[in-house]
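Colleague: What follows is the file structure_36.txt, containing compact mmCIF, C-alpha atoms:
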# COMPACT_ATOMS: atom_id res chain seq x y z
CA MET O 1339 -133.92 -18.82 113.22
CA ALA O 1340 -136.75 -17.89 110.91
CA ASP O 1341 -140.31 -17.41 112.13
CA SER O 1342 -142.65 -20.33 111.57
CA ILE O 1343 -145.23 -20.11 108.81
CA ARG O 1344 -147.89 -19.92 111.52
CA GLN O 1345 -146.19 -16.90 113.13
CA ARG O 1346 -145.82 -15.17 109.76
CA LEU O 1347 -149.48 -15.82 108.93
CA VAL O 1348 -150.62 -14.33 112.24
CA GLU O 1349 -148.54 -11.22 111.60
CA LYS O 1350 -150.01 -10.91 108.09
CA VAL O 1351 -153.56 -11.32 109.38
CA LYS O 1352 -153.01 -8.60 111.98
CA ALA O 1353 -151.49 -6.27 109.39
CA ARG O 1354 -154.34 -6.93 106.94
CA LEU O 1355 -157.03 -6.27 109.53
CA GLN O 1356 -155.28 -3.02 110.42
CA THR O 1357 -156.10 -1.82 106.90
CA ILE O 1358 -159.84 -1.83 107.73
CA LEU O 1359 -160.33 1.92 107.71
CA THR O 1360 -162.95 4.07 106.03
CA ALA O 1361 -160.10 5.95 104.36
CA GLY O 1362 -159.25 2.68 102.59
CA GLY O 1363 -162.77 2.12 101.34
CA PHE O 1364 -164.04 -0.05 104.17
CA ARG O 1365 -167.29 0.55 106.08
CA THR O 1366 -165.67 0.97 109.50
CA ASN O 1367 -162.46 1.95 111.26
CA ALA O 1368 -162.21 -1.39 113.05
CA GLY O 1369 -158.57 -1.62 111.94
CA SER O 1370 -157.54 1.25 114.18
CA TYR O 1371 -157.30 -1.05 117.20
CA VAL O 1372 -156.24 -4.61 116.40
CA THR O 1373 -154.68 -6.87 119.01
CA VAL O 1374 -153.43 -10.45 118.96
CA TRP O 1375 -154.38 -12.69 121.86
CA LYS O 1376 -155.60 -9.96 124.16
CA PRO O 1377 -156.26 -12.01 127.32
CA ASP O 1378 -159.89 -12.62 128.28
CA SER O 1379 -159.24 -10.88 131.58
CA VAL O 1380 -158.18 -7.63 129.88
CA VAL O 1381 -161.18 -5.38 129.42
CA HIS O 1382 -161.66 -3.22 126.33
CA ASP O 1383 -161.75 0.51 126.97
CA GLN O 1384 -164.86 2.08 125.43
CA ALA O 1385 -162.66 4.85 124.00
CA ASN O 1386 -160.82 2.27 121.86
CA LEU O 1387 -163.86 0.82 120.12
CA PRO O 1388 -164.34 -0.61 117.58
CA ALA O 1389 -161.67 -3.20 118.27
CA ILE O 1390 -160.64 -6.56 116.87
CA ASN O 1391 -158.77 -9.23 118.80
CA VAL O 1392 -157.18 -11.94 116.67
CA ARG O 1393 -156.64 -15.45 118.02
CA ASP O 1394 -155.04 -18.34 116.11
CA VAL O 1395 -156.82 -20.98 118.14
CA ASP O 1396 -155.94 -24.21 116.33
CA ASP O 1397 -153.51 -25.42 113.67
CA GLU O 1398 -154.72 -28.82 112.56
CA VAL O 1399 -152.96 -31.29 110.31
CA LEU O 1400 -155.41 -32.23 107.55
CA ASP O 1401 -153.09 -34.65 105.83
CA ALA O 1402 -149.55 -35.94 106.36
CA ASN O 1403 -148.51 -37.64 103.16
CA ALA O 1404 -145.57 -39.82 102.34
CA THR O 1405 -143.60 -37.06 100.66
CA GLY O 1406 -143.18 -35.27 103.97
CA ARG O 1407 -145.66 -32.52 103.22
CA LEU O 1408 -148.22 -31.55 105.86
CA GLN O 1409 -151.46 -29.94 104.81
CA ARG O 1410 -152.44 -27.65 107.64
CA SER O 1411 -155.48 -25.63 108.61
CA LEU O 1412 -154.71 -22.62 110.80
CA GLN O 1413 -157.97 -21.54 112.38
CA PHE O 1414 -158.65 -18.00 113.47
CA GLU O 1415 -161.27 -16.43 115.70
CA CYS O 1416 -161.53 -12.66 115.51
CA ASP O 1417 -163.45 -11.13 118.39
CA VAL O 1418 -165.02 -7.79 117.49
CA VAL O 1419 -166.29 -5.20 119.97
CA VAL O 1420 -168.24 -2.13 118.88
CA SER O 1421 -170.20 0.60 120.62
CA GLU O 1422 -173.32 2.52 119.64
CA GLY O 1423 -172.49 5.60 117.59
CA SER O 1424 -174.09 7.31 114.65
CA ASP O 1425 -175.04 3.77 113.57
CA PRO O 1426 -176.67 1.27 115.94
CA ALA O 1427 -174.17 -1.13 117.51
CA ASP O 1428 -175.69 -4.19 115.82
CA GLU O 1429 -175.39 -2.52 112.41
CA THR O 1430 -171.76 -1.61 113.07
CA ALA O 1431 -171.06 -5.20 114.13
CA ARG O 1432 -172.42 -6.43 110.79
CA HIS O 1433 -170.32 -3.83 108.97
CA VAL O 1434 -167.15 -5.06 110.70
CA ILE O 1435 -168.02 -8.67 109.85
CA ALA O 1436 -168.37 -7.66 106.20
CA ASP O 1437 -165.13 -5.66 106.32
CA ILE O 1438 -163.17 -8.62 107.68
CA GLN O 1439 -164.43 -10.86 104.86
CA GLU O 1440 -163.43 -8.29 102.26
CA ALA O 1441 -160.04 -7.79 103.91
CA ILE O 1442 -159.36 -11.53 103.67
CA LEU O 1443 -160.35 -11.52 100.00
CA VAL O 1444 -157.72 -8.87 99.19
CA ASP O 1445 -155.22 -11.74 99.07
CA GLU O 1446 -156.38 -15.05 100.46
CA THR O 1447 -152.92 -16.59 99.98
CA TRP O 1448 -151.33 -14.04 102.33
CA ASP O 1449 -148.45 -13.12 100.01
CA GLY O 1450 -148.10 -16.69 98.81
CA LEU O 1451 -147.65 -18.27 102.25
CA ALA O 1452 -150.95 -20.16 102.00
CA ARG O 1453 -152.95 -22.01 99.40
CA LEU O 1454 -156.30 -20.45 100.27
CA SER O 1455 -158.51 -19.04 103.02
CA ARG O 1456 -161.92 -20.36 103.92
CA TYR O 1457 -164.63 -18.49 105.77
CA LEU O 1458 -166.18 -20.55 108.57
CA GLY O 1459 -168.89 -18.22 109.87
CA ASP O 1460 -169.67 -15.48 112.33
CA SER O 1461 -171.84 -14.71 115.36
CA ILE O 1462 -173.20 -11.57 117.03
CA ALA O 1463 -174.20 -10.79 120.63
CA MET O 1464 -175.50 -7.53 122.09
CA ASP O 1465 -175.44 -6.21 125.63
CA GLN O 1466 -177.01 -3.01 126.88
CA LYS O 1467 -176.28 -1.41 130.22
CA ASP O 1468 -175.13 2.21 130.55
CA ARG O 1469 -173.96 1.81 126.93
CA LYS O 1470 -175.03 -0.55 124.19
CA ILE O 1471 -172.12 -2.82 123.26
CA GLY O 1472 -172.06 -5.10 120.24
CA MET O 1473 -169.80 -8.11 120.10
CA ALA O 1474 -169.13 -10.42 117.20
CA GLN O 1475 -166.90 -13.31 116.39
CA VAL O 1476 -165.60 -14.06 112.89
CA ARG O 1477 -164.12 -17.48 112.18
CA PHE O 1478 -161.94 -18.44 109.23
CA GLU O 1479 -159.13 -20.80 108.38
CA ILE O 1480 -155.98 -20.50 106.33
CA ARG O 1481 -154.79 -23.65 104.59
CA TYR O 1482 -151.09 -24.00 103.96
CA HIS O 1483 -148.43 -26.61 103.31
CA GLN O 1484 -145.51 -27.22 105.59
CA GLU O 1485 -142.53 -29.53 105.47
CA ARG O 1486 -142.73 -32.34 108.02
CA PHE O 1487 -141.24 -31.21 111.37
CA ASN O 1488 -140.01 -28.04 109.73
CA PRO O 1489 -142.53 -25.34 110.65
CA ASP O 1490 -140.80 -22.48 108.87
CA THR O 1491 -140.55 -24.17 105.46
CA GLN O 1492 -143.25 -24.29 102.81
CA VAL O 1493 -143.43 -27.21 100.40
CA MET V 758 -196.90 0.08 156.95
CA ARG V 759 -197.26 1.32 153.38
CA GLU V 760 -197.60 4.96 154.52
CA ARG V 761 -194.46 4.55 156.61
CA ALA V 762 -192.58 3.06 153.64
CA ILE V 763 -193.63 5.94 151.41
CA ALA V 764 -192.46 8.42 154.06
CA ASP V 765 -189.12 6.59 154.15
CA ALA V 766 -188.94 6.82 150.35
CA ASP V 767 -189.35 10.58 150.62
CA ARG V 768 -186.49 10.74 153.10
CA LEU V 769 -184.24 8.57 150.92
CA LEU V 770 -185.00 10.74 147.91
CA ASN V 771 -184.38 14.01 149.78
CA THR V 772 -182.18 16.17 147.55
CA ASP V 773 -180.34 17.50 150.62
CA ASP V 774 -178.97 14.00 151.20
CA PHE V 775 -178.66 11.31 148.52
CA ALA V 776 -180.95 12.34 145.69
CA GLN V 777 -180.77 14.75 142.79
CA ARG V 778 -183.41 16.48 140.75
CA GLY V 779 -184.07 14.92 137.38
CA THR V 780 -186.50 15.38 134.53
CA PHE V 781 -188.57 12.36 133.63
CA THR V 782 -190.38 12.22 130.29
CA PRO V 783 -192.53 9.15 129.68
CA VAL V 784 -193.00 7.95 126.12
CA GLY V 785 -195.87 9.99 124.71
CA GLY V 786 -196.15 12.07 127.89
CA SER V 787 -194.94 15.38 129.21
CA ALA V 788 -191.81 16.09 131.24
CA LYS V 789 -191.90 16.41 135.01
CA VAL V 790 -189.24 17.05 137.62
CA ILE V 791 -188.71 14.18 140.07
CA ASN V 792 -186.18 13.20 142.73
CA VAL V 793 -183.80 10.40 141.79
CA ASN V 794 -180.98 8.51 143.46
CA LEU V 795 -178.68 7.56 140.58
CA ILE V 796 -175.97 4.92 140.81
CA ALA V 797 -173.74 3.86 137.93
CA ALA V 798 -171.61 0.95 139.06
CA TRP V 799 -168.82 -0.37 136.83
CA GLN V 800 -169.65 -3.62 135.13
CA ALA V 801 -168.24 -5.20 132.00
CA SER V 802 -170.17 -6.42 128.99
CA ASP V 803 -168.85 -9.76 127.83
CA ALA V 804 -169.48 -12.19 125.03
CA PHE V 805 -167.40 -14.76 123.17
CA ASP V 806 -163.91 -14.10 124.54
CA SER V 807 -164.05 -10.33 124.99
CA GLN V 808 -165.00 -7.95 127.74
CA ALA V 809 -165.70 -4.24 127.34
CA GLU V 810 -166.08 -1.72 130.12
CA ASN V 811 -169.64 -0.67 130.84
CA ALA V 812 -171.78 0.24 133.85
CA ASP V 813 -175.04 -0.79 135.42
CA ALA V 814 -176.84 2.56 135.51
CA VAL V 815 -179.68 2.36 138.00
CA ALA V 816 -181.93 5.03 139.52
CA MET V 817 -184.19 4.73 142.57
CA VAL V 818 -187.31 6.84 142.34
CA LYS V 819 -190.78 7.02 143.85
CA SER V 820 -193.03 4.50 142.11
CA SER V 821 -195.79 7.07 141.74
CA ASP V 822 -193.46 9.32 139.70
CA VAL V 823 -192.86 6.68 137.03
CA SER V 824 -195.86 4.35 137.14
CA GLY V 825 -196.70 2.84 133.77
CA ALA V 826 -193.50 4.11 132.15
CA LYS V 827 -192.39 2.28 129.05
CA PRO V 828 -188.90 1.54 127.69
CA ASN V 829 -187.28 4.55 126.01
CA SER V 830 -188.89 6.98 128.44
CA LEU V 831 -186.27 9.64 129.20
CA LEU V 832 -184.60 10.58 132.46
CA THR V 833 -182.25 13.54 132.40
CA VAL V 834 -179.98 13.96 135.41
CA GLY V 835 -177.43 16.76 135.22
CA ALA V 836 -176.32 16.94 131.60
CA VAL V 837 -176.91 13.25 130.86
CA THR V 838 -180.07 11.87 129.30
CA TYR V 839 -180.82 8.21 129.90
CA TYR V 840 -183.30 5.91 128.20
CA LEU V 841 -185.37 3.59 130.32
CA LEU V 842 -184.31 0.03 129.42
CA SER V 843 -187.33 -1.78 130.82
CA PRO V 844 -190.52 -1.00 132.80
CA PRO V 845 -189.90 0.32 136.34
CA MET V 846 -189.18 -2.45 138.86
CA ASP V 847 -191.55 -1.60 141.72
CA ASN V 848 -190.49 -2.93 145.16
CA GLY V 849 -194.07 -2.78 146.44
CA TYR V 850 -193.24 -0.20 149.12
CA GLY V 851 -193.38 3.01 147.16
CA MET V 852 -189.97 2.80 145.47
CA ALA V 853 -189.05 1.69 141.98
CA GLN V 854 -185.74 0.89 140.37
CA LEU V 855 -185.05 2.13 136.85
CA ALA V 856 -182.53 0.37 134.61
CA LEU V 857 -181.02 3.05 132.37
CA SER V 858 -178.89 3.40 129.27
CA ARG V 859 -177.41 6.38 127.46
CA ASP V 860 -178.27 4.58 124.20
CA GLU V 861 -181.79 4.17 122.89
CA VAL V 862 -183.41 0.78 123.26
CA GLY V 863 -184.11 -1.13 120.07
Go ahead and express the file in the form of structure tokens.
Modeller:
Amino acid sequence: MADSIRQRLVEKVKARLQTILTAGGFRTNAGSYVTVWKPDSVVHDQANLPAINVRDVDDEVLDANATGRLQRSLQFECDVVVSEGSDPADETARHVIADIQEAILVDETWDGLARLSRYLGDSIAMDQKDRKIGMAQVRFEIRYHQERFNPDTQV
Amino acid sequence: MRERAIADADRLLNTDDFAQRGTFTPVGGSAKVINVNLIAAWQASDAFDSQAENADAVAMVKSSDVSGAKPNSLLTVGAVTYYLLSPPMDNGYGMAQLALSRDEVG
């Protein structure tokens, strides 16, 4: 059985975020450690920062019309963790936020699976103990069409 | 009572037992060698839905060695230089706790 559109979109988002590398023209190497649904209880190792954890938190139905087509909004939260390096941690967090936006823009239809992507916002928090750690969250949605009760078929 | 507490502080910060020698450099001041009892206990940083490993780095010192110190004063212990995160937390009995970070404040 084929993967659902939602599953394919998650895989494409992960793969796209993995392209965030300075060698590819981005500001950071946040793409070197991308996970999907890393549990809250699993702690990031400082040696693996910066890191992005992708979570497809909600997939809402925006409209279910008579033709059997569902308009859906798959909502993502990307949790970013960075450490202090040659740049301050807060600056690196902003760089990763910018990189994620630009990575989405590379192809907001995700190889034709979706109609468009919409940026919903971002947040930053800082904590300083032995090391200064920056954390950010980037939120966006991907809008796509799906056949009624047929999650692997676009219409 | 206070004299006794200060004598106890000297015993606690004896380098033959718990303490180490460190170099303390206040912001705008000159370096001096002091005795410190350094503890770095594992503690995570967390925000949103992520946690990252970190540590609460804390040093106990004699209050008189660090009085008036400001954030970003330096404490070097062994090969590691720490920045003072906040003013010394004086316990009122001759000892002060320093909250430290290997990254500069601000």
Colleague: Tell me the residues of chain O close to chain V, meaning within 6 Å using only C-alpha atoms, as a PyMOL selection string.
Modeller: chain O and resi 1378+1381-1383+1467-1469
Colleague: I need the residues from that last selection saved to file as an mmCIF file, in the frame of the given file (with C-alpha atoms), if you can.
Modeller:
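Everything below was put into selection.cif:
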data_model
loop_
_atom_site.group_PDB
_atom_site.id
_atom_site.type_symbol
_atom_site.label_atom_id
_atom_site.label_comp_id
_atom_site.auth_asym_id
_atom_site.auth_seq_id
_atom_site.Cartn_x
_atom_site.Cartn_y
_atom_site.Cartn_z
ATOM 1 C CA ASP O 1378 -159.890 -12.620 128.280
ATOM 2 C CA VAL O 1381 -161.180 -5.380 129.420
ATOM 3 C CA HIS O 1382 -161.660 -3.220 126.330
ATOM 4 C CA ASP O 1383 -161.750 0.510 126.970
ATOM 5 C CA LYS O 1467 -176.280 -1.410 130.220
ATOM 6 C CA ASP O 1468 -175.130 2.210 130.550
ATOM 7 C CA ARG O 1469 -173.960 1.810 126.930
#
Colleague: Quick one: residues within 12 Å of Gly1450 in chain O, all atoms listed in the file, excluding same-chain residues fewer than 3 positions away - as a PDB file with C-alpha atoms, keeping the file's coordinate frame?
Modeller:
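Saved result, part21.pdb, follows:
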ATOM      1  CA  ILE O1343    -145.230 -20.110 108.810  1.00  0.00           C
ATOM      2  CA  ARG O1346    -145.820 -15.170 109.760  1.00  0.00           C
ATOM      3  CA  LEU O1347    -149.480 -15.820 108.930  1.00  0.00           C
ATOM      4  CA  LYS O1350    -150.010 -10.910 108.090  1.00  0.00           C
ATOM      5  CA  ASP O1445    -155.220 -11.740  99.070  1.00  0.00           C
ATOM      6  CA  GLU O1446    -156.380 -15.050 100.460  1.00  0.00           C
ATOM      7  CA  THR O1447    -152.920 -16.590  99.980  1.00  0.00           C
ATOM      8  CA  ARG O1453    -152.950 -22.010  99.400  1.00  0.00           C
ATOM      9  CA  LEU O1454    -156.300 -20.450 100.270  1.00  0.00           C
ATOM     10  CA  SER O1455    -158.510 -19.040 103.020  1.00  0.00           C
ATOM     11  CA  ILE O1480    -155.980 -20.500 106.330  1.00  0.00           C
ATOM     12  CA  ARG O1481    -154.790 -23.650 104.590  1.00  0.00           C
ATOM     13  CA  TYR O1482    -151.090 -24.000 103.960  1.00  0.00           C
ATOM     14  CA  HIS O1483    -148.430 -26.610 103.310  1.00  0.00           C
ATOM     15  CA  GLN O1492    -143.250 -24.290 102.810  1.00  0.00           C
ATOM     16  CA  VAL O1493    -143.430 -27.210 100.400  1.00  0.00           C
TER      17      VAL O1493
END
Colleague: Report as a CSV table (one decimal) with C-alpha atoms, in the frame of the given file all protein, DNA and RNA residues lying within 7 Å of Leu1412 in chain O, evaluated on all atoms listed in the file, omitting residues in the same chain fewer than 2 positions from it.
Modeller:
chain,number,residue,atom,x,y,z
O,1394,ASP,CA,-155.0,-18.3,116.1
O,1396,ASP,CA,-155.9,-24.2,116.3
O,1397,ASP,CA,-153.5,-25.4,113.7
O,1398,GLU,CA,-154.7,-28.8,112.6
O,1410,ARG,CA,-152.4,-27.6,107.6
O,1414,PHE,CA,-158.6,-18.0,113.5
O,1479,GLU,CA,-159.1,-20.8,108.4
O,1480,ILE,CA,-156.0,-20.5,106.3
O,1481,ARG,CA,-154.8,-23.6,104.6
Colleague: What is the distance between CA of Gln1345 in chain O and CA of Ala1474 in chain O, in Å to one decimal?
Modeller: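 Separation between CA of Gln1345 in chain O and CA of Ala1474 in chain O: 24.2 Å.
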Colleague: Skipping near chain neighbours, those fewer than 5 positions away, what residues fall within 9 Å of Gly835 in chain V using all atoms listed in the file, listed as a list in words?
Modeller: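 In the requested format, the answer is Gln777, Arg778 and Gly779 of chain V.
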Colleague: What are the centre and edge lengths in Å, to one decimal, of the axis-aligned box around all listed atoms of range 796-801 of chain V with 6 Å added on each side, as lines of an AutoDock Vina configuration file?
Modeller:
center_x = -172.1
center_y = -0.1
center_z = 136.4
size_x = 19.7
size_y = 22.1
size_z = 20.8
